[in-house]
file data-v8.txt (compact mmCIF, C-alpha atoms)
# COMPACT_ATOMS: atom_id res chain seq x y z
CA MET D 153 102.89 -3.79 -80.72
CA GLY D 154 103.64 -5.19 -84.13
CA ASP D 155 101.53 -7.55 -86.18
CA PRO D 156 102.91 -11.08 -85.46
CA GLU D 157 102.34 -12.08 -89.08
CA LYS D 158 103.89 -8.98 -90.60
CA GLN D 159 107.35 -9.57 -92.07
CA PRO D 160 109.95 -6.80 -91.56
CA MET D 161 110.75 -4.70 -94.65
CA ALA D 162 114.28 -4.50 -96.02
CA GLY D 163 116.42 -2.35 -93.74
CA GLU D 164 113.77 -2.38 -91.02
CA GLN D 165 114.95 -3.28 -87.53
CA PRO D 166 113.26 -6.30 -85.92
CA PRO D 167 111.03 -5.51 -82.93
CA ALA D 168 112.46 -5.49 -79.42
CA TYR D 169 112.04 -8.59 -77.28
CA ASN D 170 109.06 -7.36 -75.28
CA GLU D 171 107.31 -6.24 -78.46
CA LEU D 172 107.28 -9.69 -80.02
CA ALA D 173 103.86 -11.28 -80.22
CA PRO D 174 103.46 -14.05 -77.60
CA PRO D 175 102.93 -17.64 -78.69
CA PRO D 176 99.48 -18.89 -79.84
CA GLN D 177 96.83 -19.10 -77.11
CA MET D 178 98.77 -16.60 -75.00
CA PRO D 179 97.12 -13.26 -74.14
CA VAL D 180 98.64 -10.46 -76.23
CA PHE D 181 100.56 -8.12 -73.93
CA GLY D 182 104.03 -6.63 -73.62
CA TRP D 183 106.39 -9.10 -72.03
CA MET D 184 109.14 -8.41 -69.54
CA ALA D 185 112.58 -8.72 -71.12
CA PRO D 186 114.72 -11.56 -69.71
CA PRO D 187 117.50 -10.54 -67.30
CA GLU D 188 120.84 -9.87 -68.97
CA THR D 189 122.85 -11.19 -66.03
CA PRO D 190 124.68 -14.54 -66.43
CA LYS D 191 122.69 -17.61 -65.49
CA ASN D 192 122.93 -18.52 -61.83
CA PRO D 193 123.02 -22.28 -61.08
CA ASN D 194 121.20 -21.56 -57.80
CA ILE D 195 118.18 -20.14 -59.65
CA PRO D 196 115.78 -22.73 -61.11
CA PRO D 197 115.29 -22.32 -64.88
CA GLY D 198 112.57 -19.83 -65.68
CA LEU D 199 112.71 -18.00 -62.35
CA GLU D 200 115.31 -15.49 -63.52
CA TYR D 201 112.53 -12.92 -63.93
CA LEU D 202 111.72 -13.12 -60.22
CA SER D 203 115.32 -12.33 -59.25
CA GLN D 204 114.80 -8.78 -60.61
CA LEU D 205 111.51 -8.08 -58.83
CA ASP D 206 110.32 -6.96 -55.41
CA GLN D 207 106.62 -6.93 -56.32
CA ILE D 208 104.35 -8.81 -58.72
CA LEU D 209 100.76 -8.21 -59.75
CA VAL D 210 98.36 -11.07 -60.46
CA LYS D 211 95.17 -10.50 -62.42
CA GLN D 212 92.62 -13.27 -62.83
CA THR D 213 91.05 -13.49 -66.28
CA MET D 214 87.31 -12.90 -66.19
CA GLU D 215 85.27 -15.64 -67.89
CA ILE D 216 82.07 -14.22 -69.41
CA LEU D 217 80.29 -17.59 -69.51
CA GLU D 218 81.05 -18.16 -65.85
CA ALA D 219 79.84 -14.69 -64.87
CA LEU D 220 76.55 -15.12 -66.75
CA THR D 221 75.72 -18.75 -65.94
CA GLY D 222 77.68 -19.67 -62.82
CA TYR D 223 79.26 -22.59 -64.72
CA GLU D 224 82.65 -22.88 -63.06
CA GLN D 225 85.57 -22.82 -65.49
CA ALA D 226 89.28 -23.36 -64.97
CA ASN D 227 90.97 -20.29 -63.53
CA LYS D 228 93.56 -18.37 -65.51
CA TYR D 229 95.87 -15.64 -64.29
CA LYS D 230 98.18 -13.06 -65.89
CA ILE D 231 101.24 -12.17 -63.84
CA PHE D 232 102.89 -8.75 -64.30
CA ASN D 233 105.71 -6.63 -62.95
CA THR D 234 105.02 -3.11 -61.68
CA LEU D 235 105.62 -1.67 -65.17
CA GLY D 236 102.70 -3.66 -66.55
CA GLN D 237 104.93 -6.09 -68.44
CA GLN D 238 103.78 -9.70 -68.29
CA CYS D 239 106.15 -12.17 -66.64
CA TYR D 240 104.11 -15.38 -66.56
CA TYR D 241 100.73 -16.87 -67.36
CA ALA D 242 99.04 -19.42 -65.06
CA MET D 243 96.45 -21.99 -66.12
CA GLU D 244 94.47 -24.28 -63.85
CA GLU D 245 94.13 -27.95 -64.73
CA SER D 246 91.32 -29.69 -62.86
CA ASN D 247 88.41 -32.05 -63.34
CA CYS D 248 85.24 -30.46 -64.77
CA LEU D 249 83.01 -32.35 -62.34
CA ALA D 250 85.17 -31.28 -59.41
CA ARG D 251 84.87 -27.63 -60.46
CA GLN D 252 81.08 -27.80 -60.46
CA CYS D 253 80.60 -29.94 -57.35
CA CYS D 254 83.54 -29.09 -55.10
CA LYS D 255 83.88 -25.43 -56.12
CA GLN D 256 86.63 -23.71 -54.09
CA HIS D 257 87.50 -26.95 -52.28
CA ARG D 258 88.63 -28.71 -55.46
CA GLY D 259 92.09 -30.05 -56.04
CA PHE D 260 94.05 -28.72 -59.00
CA GLU D 261 97.37 -28.30 -60.73
CA MET D 262 98.30 -24.76 -61.71
CA LYS D 263 100.78 -24.60 -64.58
CA VAL D 264 102.79 -21.39 -64.78
CA VAL D 265 104.44 -20.71 -68.15
CA ASP D 266 106.73 -18.02 -69.53
CA ASN D 267 106.47 -16.18 -72.83
CA THR D 268 107.66 -19.24 -74.76
CA MET D 269 104.91 -21.38 -73.23
CA GLN D 270 107.58 -23.27 -71.30
CA GLU D 271 106.23 -24.51 -67.97
CA VAL D 272 108.50 -23.14 -65.24
CA ILE D 273 106.38 -23.60 -62.10
CA ARG D 274 103.80 -26.21 -61.19
CA VAL D 275 101.51 -25.73 -58.19
CA ARG D 276 99.66 -28.71 -56.76
CA ARG D 277 96.73 -28.60 -54.38
CA ASP D 278 95.16 -31.86 -53.23
CA PHE D 279 91.44 -32.12 -52.59
CA LYS D 280 90.42 -32.13 -48.91
CA CYS D 281 86.74 -32.54 -48.18
CA CYS D 282 87.18 -31.07 -44.68
CA ALA D 283 89.37 -28.10 -45.64
CA THR D 284 87.99 -24.95 -44.03
CA ARG D 285 88.33 -21.18 -43.88
CA CYS D 286 87.81 -21.27 -40.12
CA CYS D 287 90.98 -20.29 -38.27
CA TRP D 288 90.59 -22.48 -35.20
CA LEU D 289 89.40 -25.56 -37.13
CA ALA D 290 92.74 -25.42 -38.96
CA CYS D 291 94.30 -26.74 -35.75
CA CYS D 292 93.38 -30.17 -37.14
CA LEU D 293 95.71 -31.22 -39.95
CA CYS D 294 92.89 -32.68 -42.06
CA ASN D 295 91.18 -29.25 -42.14
CA GLN D 296 94.20 -27.26 -43.32
CA ASN D 297 94.40 -25.76 -46.79
CA SER D 298 97.78 -26.22 -48.42
CA LEU D 299 99.63 -26.47 -51.72
CA VAL D 300 103.04 -27.64 -52.94
CA VAL D 301 105.22 -25.70 -55.39
CA GLU D 302 107.57 -27.27 -57.93
CA ALA D 303 110.17 -25.30 -59.92
CA PRO D 304 110.94 -26.64 -62.41
CA PRO D 305 108.05 -29.15 -62.57
CA GLY D 306 109.05 -32.33 -60.77
CA THR D 307 111.37 -30.56 -58.31
CA ILE D 308 109.70 -29.51 -55.06
CA VAL D 309 110.91 -26.16 -53.73
CA GLY D 310 108.35 -25.24 -51.09
CA ARG D 311 104.87 -25.27 -49.64
CA VAL D 312 102.18 -23.00 -48.25
CA HIS D 313 99.95 -24.34 -45.48
CA GLN D 314 97.23 -23.00 -43.23
CA LYS D 315 98.09 -22.74 -39.53
CA CYS D 316 96.08 -22.96 -36.35
CA SER D 317 94.90 -19.53 -35.21
CA GLY D 318 92.25 -18.21 -32.86
CA TRP D 319 91.10 -15.14 -34.80
CA ARG D 320 93.01 -14.36 -38.00
CA ALA D 321 93.79 -16.42 -41.10
CA THR D 322 97.44 -17.50 -40.80
CA TYR D 323 99.62 -19.34 -43.32
CA GLY D 324 103.17 -20.64 -43.16
CA VAL D 325 105.65 -20.47 -46.04
CA GLU D 326 108.15 -23.33 -46.16
CA LEU D 327 111.16 -24.13 -48.32
CA GLY D 328 112.67 -27.55 -48.98
CA SER D 329 112.75 -30.46 -51.38
CA ASP D 330 111.08 -32.98 -49.06
CA GLU D 331 107.39 -32.49 -48.27
CA ASP D 332 107.87 -34.14 -44.87
CA ASN D 333 110.92 -32.10 -43.89
CA MET D 334 110.66 -28.41 -44.80
CA GLU D 335 111.79 -25.28 -43.02
CA GLU D 336 109.26 -22.54 -42.35
CA ILE D 337 110.85 -19.20 -43.23
CA MET D 338 107.92 -16.83 -42.82
CA GLN D 339 104.20 -16.59 -42.22
CA PHE D 340 101.51 -14.25 -43.42
CA ILE D 341 98.51 -13.16 -41.40
CA GLY D 342 95.19 -11.92 -42.79
CA PRO D 343 92.74 -9.32 -41.49
CA PHE D 344 90.10 -9.94 -38.83
CA CYS D 345 87.19 -9.61 -41.24
CA MET D 346 87.13 -12.27 -43.97
CA SER D 347 83.50 -11.94 -45.10
CA ARG D 348 82.29 -10.85 -48.54
CA CYS D 349 80.58 -7.76 -47.11
CA CYS D 350 84.07 -6.50 -46.20
CA PHE D 351 85.99 -7.22 -49.40
CA ILE D 352 83.31 -5.79 -51.71
CA CYS D 353 84.45 -2.37 -50.51
CA PHE D 354 87.98 -2.81 -49.14
CA ASP D 355 91.35 -4.29 -49.97
CA TYR D 356 92.54 -7.31 -47.99
CA ASP D 357 96.08 -7.31 -46.61
CA PHE D 358 97.94 -10.46 -45.56
CA LYS D 359 101.08 -9.13 -43.87
CA MET D 360 104.24 -11.24 -44.01
CA TYR D 361 106.57 -11.73 -41.07
CA SER D 362 110.02 -13.30 -41.04
CA ASN D 363 110.39 -16.29 -38.72
CA THR D 364 114.01 -15.25 -38.09
CA THR D 365 113.56 -11.61 -37.07
CA GLY D 366 109.81 -11.33 -36.54
CA GLU D 367 109.80 -8.20 -38.70
CA GLU D 368 107.25 -7.42 -41.37
CA ILE D 369 108.92 -8.06 -44.73
CA GLY D 370 106.09 -7.80 -47.24
CA VAL D 371 102.40 -8.00 -47.91
CA LEU D 372 100.04 -10.08 -50.01
CA LYS D 373 97.12 -7.90 -50.99
CA LYS D 374 93.76 -8.75 -52.50
CA GLN D 375 92.79 -5.58 -54.34
CA ASN D 376 89.20 -4.45 -54.64
CA SER D 377 87.99 -4.81 -58.24
CA GLY D 378 84.90 -2.63 -58.03
CA LEU D 379 81.39 -3.29 -56.72
CA VAL D 380 79.85 -4.88 -59.84
CA LYS D 381 82.82 -7.14 -60.59
CA GLU D 382 83.11 -8.25 -56.95
CA ILE D 383 79.43 -9.22 -56.74
CA TYR D 384 78.91 -10.89 -60.10
CA THR D 385 82.27 -12.53 -60.80
CA ASP D 386 85.08 -14.29 -58.98
CA ALA D 387 87.81 -12.66 -61.11
CA ASP D 388 90.19 -11.06 -58.63
CA ASN D 389 93.29 -8.86 -58.59
CA PHE D 390 96.19 -9.49 -56.23
CA SER D 391 99.66 -8.16 -55.54
CA VAL D 392 102.52 -9.44 -53.43
CA SER D 393 105.60 -7.51 -52.35
CA PHE D 394 108.78 -8.92 -50.83
CA PRO D 395 112.47 -8.06 -50.40
CA LYS D 396 114.27 -7.95 -53.75
CA ASP D 397 117.09 -10.13 -52.41
CA LEU D 398 114.70 -12.85 -51.20
CA ASP D 399 115.45 -16.37 -52.44
CA VAL D 400 113.71 -16.80 -55.82
CA ARG D 401 112.27 -20.10 -54.61
CA ALA D 402 110.53 -18.22 -51.79
CA LYS D 403 109.26 -15.65 -54.31
CA ALA D 404 107.81 -18.47 -56.42
CA VAL D 405 106.09 -19.93 -53.35
CA LEU D 406 104.67 -16.52 -52.37
CA MET D 407 103.35 -16.01 -55.90
CA SER D 408 101.73 -19.44 -55.69
CA ALA D 409 100.21 -18.54 -52.33
CA ILE D 410 97.97 -16.10 -54.19
CA PHE D 411 96.26 -19.02 -55.92
CA LEU D 412 95.53 -20.69 -52.59
CA ILE D 413 94.21 -17.49 -50.99
CA ASP D 414 92.02 -16.87 -54.04
CA PHE D 415 90.50 -20.35 -53.91
CA VAL D 416 89.97 -20.45 -50.15
CA TYR D 417 88.42 -17.01 -49.64
CA PHE D 418 87.30 -15.54 -52.96
CA GLU D 419 86.30 -18.43 -55.23
CA ASP D 420 82.57 -18.26 -54.54
CA GLN D 421 80.45 -18.56 -57.67
CA ASN D 422 76.91 -18.66 -56.21
CA ILE D 423 75.54 -15.34 -57.45
CA GLU D 424 72.43 -15.38 -55.23
CA LYS D 425 74.58 -15.76 -52.14
CA LYS D 426 76.88 -13.02 -53.36
CA LEU D 427 73.96 -10.63 -53.69
CA GLU D 428 72.62 -11.59 -50.26
CA ARG D 429 76.00 -11.03 -48.65
CA ALA D 430 76.50 -7.77 -50.49

call {"tool": "encode", "arguments": {"input": "data-v8.txt", "output": "structure tokens"}}
result
Amino acid sequence: MGDPEKQPMAGEQPPAYNELAPPPQMPVFGWMAPPETPKNPNIPPGLEYLSQLDQILVKQTMEILEALTGYEQANKYKIFNTLGQQCYYAMEESNCLARQCCKQHRGFEMKVVDNTMQEVIRVRRDFKCCATRCCWLACCLCNQNSLVVEAPPGTIVGRVHQKCSGWRATYGVELGSDEDNMEEIMQFIGPFCMSRCCFICFDYDFKMYSNTTGEEIGVLKKQNSGLVKEIYTDADNFSVSFPKDLDVRAKAVLMSAIFLIDFVYFEDQNIEKKLERA
């Protein structure tokens, strides 16, 4: 990767697109080249990258201060394709007091930007004091975890919401521009064991099923990050796979679902409790 401040010498070819240094404040990493296909009016601006992908990897940035002190900071995520090229960068915006007092229950806005720092997706989660991890308590609407996805910001494209279930964590994925009138296109179902003693050692799979055919069409996976990192930090790694020809709006909603799953099940910053559960 070239030095961003180095000027090319005479006769020297400029660096390729994915070798250009990202904008200030952006983590330095190779970026995925934009698709060369003509712009499609049915694809929201900035989601062209997703049209080329059938899997994305999401890596939460580890905050040293948070790991050492337990002082909850805003979450940040790097989003990659399977070649390790960065597609997007996500940054949480939330109230400092809410992060310390409400922890994983807090409301937030997650801003997803591309390599030009242009915001292409905005994810909104409202605070619910009664929101729960418990499957059967989610039968009550006030207890359900949910978030709304906008792409571009200001234009609603879909939602993820927790569903009533007797034994396993279940979430619905909906598309539509009206929060009160959306169509559920698929659901994903988690494993039976959702305790920390399980995910310290194992991956977590949330399998996706089409509402039309009932077939499994993908998986959202929380990947084990290693014993020390799992116990002492809440920095997590995720992946989500889906059909390549899936609507890009649905891909954006599935990518955003990772943020909700992370907050609901893995955003636990009490180190003493983590050690006890481990």

call {"tool": "residues_around", "arguments": {"input": "data-v8.txt", "residues": "Leu327 (chain D)", "least_positions_apart": "5", "cutoff": "10 Å", "atoms": "all atoms listed in the file", "output": "PyMOL selection string"}}
result
chain D and resi 300-301+308-312+333-338+399+401-402+405

call {"tool": "residues_around", "arguments": {"input": "data-v8.txt", "residues": "region 260-263 of chain D", "least_positions_apart": "3", "cutoff": "12 Å", "atoms": "all atoms listed in the file", "output": "MDAnalysis selection string"}}
result
chainID D and resid 226:230 240:248 250:251 254:257 266 269:280 298:306 407:412 415

call {"tool": "closest_residue", "arguments": {"input": "data-v8.txt", "among": "D:Asn297, D:Ser391, D:Asn192, D:Gln252", "to": "Tyr223 (chain D)", "atoms": "only C-alpha atoms"}}
result
D:Gln252

call {"tool": "atom_distance", "arguments": {"input": "data-v8.txt", "atom1": "CA of Cys316 (chain D)", "atom2": "CA of Ala290 (chain D)"}}
result
4.9 Å

call {"tool": "closest_residue", "arguments": {"input": "data-v8.txt", "among": "D:Arg320, D:Arg258, D:Lys374, D:Arg285", "to": "Val210 (chain D)", "atoms": "all atoms listed in the file"}}
result
D:Lys374

call {"tool": "atom_distance", "arguments": {"input": "data-v8.txt", "atom1": "CA of Met360 (chain D)", "atom2": "CA of Ser329 (chain D)"}}
result
22.3 Å

call {"tool": "atom_distance", "arguments": {"input": "data-v8.txt", "atom1": "CA of Leu202 (chain D)", "atom2": "CA of Glu215 (chain D)"}}
result
27.7 Å

call {"tool": "closest_residue", "arguments": {"input": "data-v8.txt", "among": "D:Phe344, D:Ile231, D:Gln207, D:Cys239", "to": "Ala185 (chain D)", "atoms": "all atoms listed in the file"}}
result
D:Cys239

call {"tool": "closest_residue", "arguments": {"input": "data-v8.txt", "among": "D:Asp206, D:Glu224, D:Asp330, D:Glu188", "to": "Pro395 (chain D)", "atoms": "all atoms listed in the file"}}
result
D:Asp206

call {"tool": "closest_residue", "arguments": {"input": "data-v8.txt", "among": "D:Asp388, D:Asp397, D:Asp355, D:Glu367", "to": "Gln212 (chain D)", "atoms": "only C-alpha atoms"}}
result
D:Asp388

call {"tool": "residues_around", "arguments": {"input": "data-v8.txt", "residues": "Gly370 (chain D)", "least_positions_apart": "5", "cutoff": "7 Å", "atoms": "only C-alpha atoms", "output": "list of chain:residue names"}}
result
D:Lys359, D:Met360, D:Ser393, D:Phe394

call {"tool": "closest_residue", "arguments": {"input": "data-v8.txt", "among": "D:Pro343, D:Cys292, D:Lys396, D:Glu326", "to": "Asn363 (chain D)", "atoms": "only C-alpha atoms"}}
result
D:Glu326

call {"tool": "decode", "arguments": {"input": "data-v8.txt", "residues": "region 301-314 of chain D", "atoms": "all heavy atoms", "output": "PDB file, in the first residue's frame"}}
result
ATOM      1  N   VAL D 301     -33.710  -0.150   8.988  1.00  0.00           N
ATOM      2  CA  VAL D 301     -32.588   0.108   8.082  1.00  0.00           C
ATOM      3  C   VAL D 301     -33.011   1.111   7.017  1.00  0.00           C
ATOM      4  O   VAL D 301     -34.075   0.959   6.391  1.00  0.00           O
ATOM      5  CB  VAL D 301     -32.104  -1.200   7.427  1.00  0.00           C
ATOM      6  CG1 VAL D 301     -30.900  -0.936   6.533  1.00  0.00           C
ATOM      7  CG2 VAL D 301     -31.764  -2.238   8.489  1.00  0.00           C
ATOM      8  N   GLU D 302     -32.168   2.115   6.812  1.00  0.00           N
ATOM      9  CA  GLU D 302     -32.396   3.122   5.784  1.00  0.00           C
ATOM     10  C   GLU D 302     -31.243   3.093   4.786  1.00  0.00           C
ATOM     11  O   GLU D 302     -30.085   3.049   5.172  1.00  0.00           O
ATOM     12  CB  GLU D 302     -32.491   4.515   6.403  1.00  0.00           C
ATOM     13  CG  GLU D 302     -33.586   4.662   7.441  1.00  0.00           C
ATOM     14  CD  GLU D 302     -33.540   6.014   8.144  1.00  0.00           C
ATOM     15  OE1 GLU D 302     -32.649   6.828   7.807  1.00  0.00           O
ATOM     16  OE2 GLU D 302     -34.381   6.258   9.028  1.00  0.00           O
ATOM     17  N   ALA D 303     -31.568   3.101   3.491  1.00  0.00           N
ATOM     18  CA  ALA D 303     -30.538   3.134   2.447  1.00  0.00           C
ATOM     19  C   ALA D 303     -31.133   3.759   1.180  1.00  0.00           C
ATOM     20  O   ALA D 303     -31.992   3.130   0.546  1.00  0.00           O
ATOM     21  CB  ALA D 303     -30.013   1.725   2.160  1.00  0.00           C
ATOM     22  N   PRO D 304     -30.687   4.975   0.850  1.00  0.00           N
ATOM     23  CA  PRO D 304     -29.765   5.827   1.591  1.00  0.00           C
ATOM     24  C   PRO D 304     -30.441   6.376   2.851  1.00  0.00           C
ATOM     25  O   PRO D 304     -31.649   6.194   3.039  1.00  0.00           O
ATOM     26  CB  PRO D 304     -29.447   6.938   0.582  1.00  0.00           C
ATOM     27  CG  PRO D 304     -30.676   7.027  -0.254  1.00  0.00           C
ATOM     28  CD  PRO D 304     -31.163   5.620  -0.385  1.00  0.00           C
ATOM     29  N   PRO D 305     -29.689   7.052   3.728  1.00  0.00           N
ATOM     30  CA  PRO D 305     -30.280   7.603   4.948  1.00  0.00           C
ATOM     31  C   PRO D 305     -31.502   8.462   4.638  1.00  0.00           C
ATOM     32  O   PRO D 305     -31.477   9.308   3.747  1.00  0.00           O
ATOM     33  CB  PRO D 305     -29.140   8.451   5.523  1.00  0.00           C
ATOM     34  CG  PRO D 305     -27.902   7.786   5.030  1.00  0.00           C
ATOM     35  CD  PRO D 305     -28.224   7.298   3.653  1.00  0.00           C
ATOM     36  N   GLY D 306     -32.586   8.190   5.376  1.00  0.00           N
ATOM     37  CA  GLY D 306     -33.836   8.897   5.148  1.00  0.00           C
ATOM     38  C   GLY D 306     -34.845   8.087   4.362  1.00  0.00           C
ATOM     39  O   GLY D 306     -36.030   8.416   4.337  1.00  0.00           O
ATOM     40  N   THR D 307     -34.390   7.001   3.729  1.00  0.00           N
ATOM     41  CA  THR D 307     -35.276   6.134   2.948  1.00  0.00           C
ATOM     42  C   THR D 307     -35.297   4.748   3.572  1.00  0.00           C
ATOM     43  O   THR D 307     -34.307   4.008   3.508  1.00  0.00           O
ATOM     44  CB  THR D 307     -34.796   6.028   1.484  1.00  0.00           C
ATOM     45  OG1 THR D 307     -34.752   7.330   0.897  1.00  0.00           O
ATOM     46  CG2 THR D 307     -35.749   5.143   0.679  1.00  0.00           C
ATOM     47  N   ILE D 308     -36.393   4.391   4.197  1.00  0.00           N
ATOM     48  CA  ILE D 308     -36.517   3.089   4.863  1.00  0.00           C
ATOM     49  C   ILE D 308     -36.588   1.981   3.828  1.00  0.00           C
ATOM     50  O   ILE D 308     -37.343   2.067   2.849  1.00  0.00           O
ATOM     51  CB  ILE D 308     -37.761   3.062   5.765  1.00  0.00           C
ATOM     52  CG1 ILE D 308     -37.614   4.080   6.908  1.00  0.00           C
ATOM     53  CG2 ILE D 308     -37.990   1.661   6.335  1.00  0.00           C
ATOM     54  CD1 ILE D 308     -38.842   4.200   7.782  1.00  0.00           C
ATOM     55  N   VAL D 309     -35.798   0.924   4.024  1.00  0.00           N
ATOM     56  CA  VAL D 309     -35.826  -0.216   3.108  1.00  0.00           C
ATOM     57  C   VAL D 309     -36.211  -1.515   3.805  1.00  0.00           C
ATOM     58  O   VAL D 309     -36.604  -2.483   3.142  1.00  0.00           O
ATOM     59  CB  VAL D 309     -34.466  -0.403   2.400  1.00  0.00           C
ATOM     60  CG1 VAL D 309     -34.168   0.782   1.507  1.00  0.00           C
ATOM     61  CG2 VAL D 309     -33.341  -0.645   3.397  1.00  0.00           C
ATOM     62  N   GLY D 310     -36.100  -1.566   5.140  1.00  0.00           N
ATOM     63  CA  GLY D 310     -36.422  -2.821   5.796  1.00  0.00           C
ATOM     64  C   GLY D 310     -36.250  -2.765   7.295  1.00  0.00           C
ATOM     65  O   GLY D 310     -35.898  -1.724   7.870  1.00  0.00           O
ATOM     66  N   ARG D 311     -36.471  -3.919   7.906  1.00  0.00           N
ATOM     67  CA  ARG D 311     -36.432  -4.004   9.369  1.00  0.00           C
ATOM     68  C   ARG D 311     -36.092  -5.430   9.787  1.00  0.00           C
ATOM     69  O   ARG D 311     -36.389  -6.403   9.092  1.00  0.00           O
ATOM     70  CB  ARG D 311     -37.794  -3.596   9.939  1.00  0.00           C
ATOM     71  CG  ARG D 311     -37.928  -3.748  11.446  1.00  0.00           C
ATOM     72  CD  ARG D 311     -39.264  -3.212  11.929  1.00  0.00           C
ATOM     73  NE  ARG D 311     -40.387  -3.927  11.348  1.00  0.00           N
ATOM     74  CZ  ARG D 311     -41.658  -3.577  11.506  1.00  0.00           C
ATOM     75  NH1 ARG D 311     -41.962  -2.495  12.207  1.00  0.00           N
ATOM     76  NH2 ARG D 311     -42.627  -4.280  10.943  1.00  0.00           N
ATOM     77  N   VAL D 312     -35.479  -5.539  10.951  1.00  0.00           N
ATOM     78  CA  VAL D 312     -35.251  -6.829  11.603  1.00  0.00           C
ATOM     79  C   VAL D 312     -35.947  -6.778  12.951  1.00  0.00           C
ATOM     80  O   VAL D 312     -35.807  -5.797  13.683  1.00  0.00           O
ATOM     81  CB  VAL D 312     -33.750  -7.102  11.816  1.00  0.00           C
ATOM     82  CG1 VAL D 312     -33.542  -8.463  12.491  1.00  0.00           C
ATOM     83  CG2 VAL D 312     -33.002  -7.055  10.491  1.00  0.00           C
ATOM     84  N   HIS D 313     -36.711  -7.811  13.284  1.00  0.00           N
ATOM     85  CA  HIS D 313     -37.412  -7.799  14.570  1.00  0.00           C
ATOM     86  C   HIS D 313     -37.436  -9.190  15.183  1.00  0.00           C
ATOM     87  O   HIS D 313     -37.509 -10.205  14.485  1.00  0.00           O
ATOM     88  CB  HIS D 313     -38.843  -7.274  14.407  1.00  0.00           C
ATOM     89  CG  HIS D 313     -39.746  -8.205  13.646  1.00  0.00           C
ATOM     90  ND1 HIS D 313     -40.607  -9.076  14.264  1.00  0.00           N
ATOM     91  CD2 HIS D 313     -39.911  -8.402  12.313  1.00  0.00           C
ATOM     92  CE1 HIS D 313     -41.280  -9.770  13.360  1.00  0.00           C
ATOM     93  NE2 HIS D 313     -40.874  -9.374  12.160  1.00  0.00           N
ATOM     94  N   GLN D 314     -37.368  -9.229  16.480  1.00  0.00           N
ATOM     95  CA  GLN D 314     -37.416 -10.475  17.235  1.00  0.00           C
ATOM     96  C   GLN D 314     -38.831 -11.037  17.187  1.00  0.00           C
ATOM     97  O   GLN D 314     -39.823 -10.298  17.216  1.00  0.00           O
ATOM     98  CB  GLN D 314     -37.000 -10.208  18.677  1.00  0.00           C
ATOM     99  CG  GLN D 314     -36.752 -11.426  19.527  1.00  0.00           C
ATOM    100  CD  GLN D 314     -36.261 -11.041  20.914  1.00  0.00           C
ATOM    101  OE1 GLN D 314     -36.298  -9.875  21.291  1.00  0.00           O
ATOM    102  NE2 GLN D 314     -35.798 -12.015  21.674  1.00  0.00           N
TER     103      GLN D 314
END
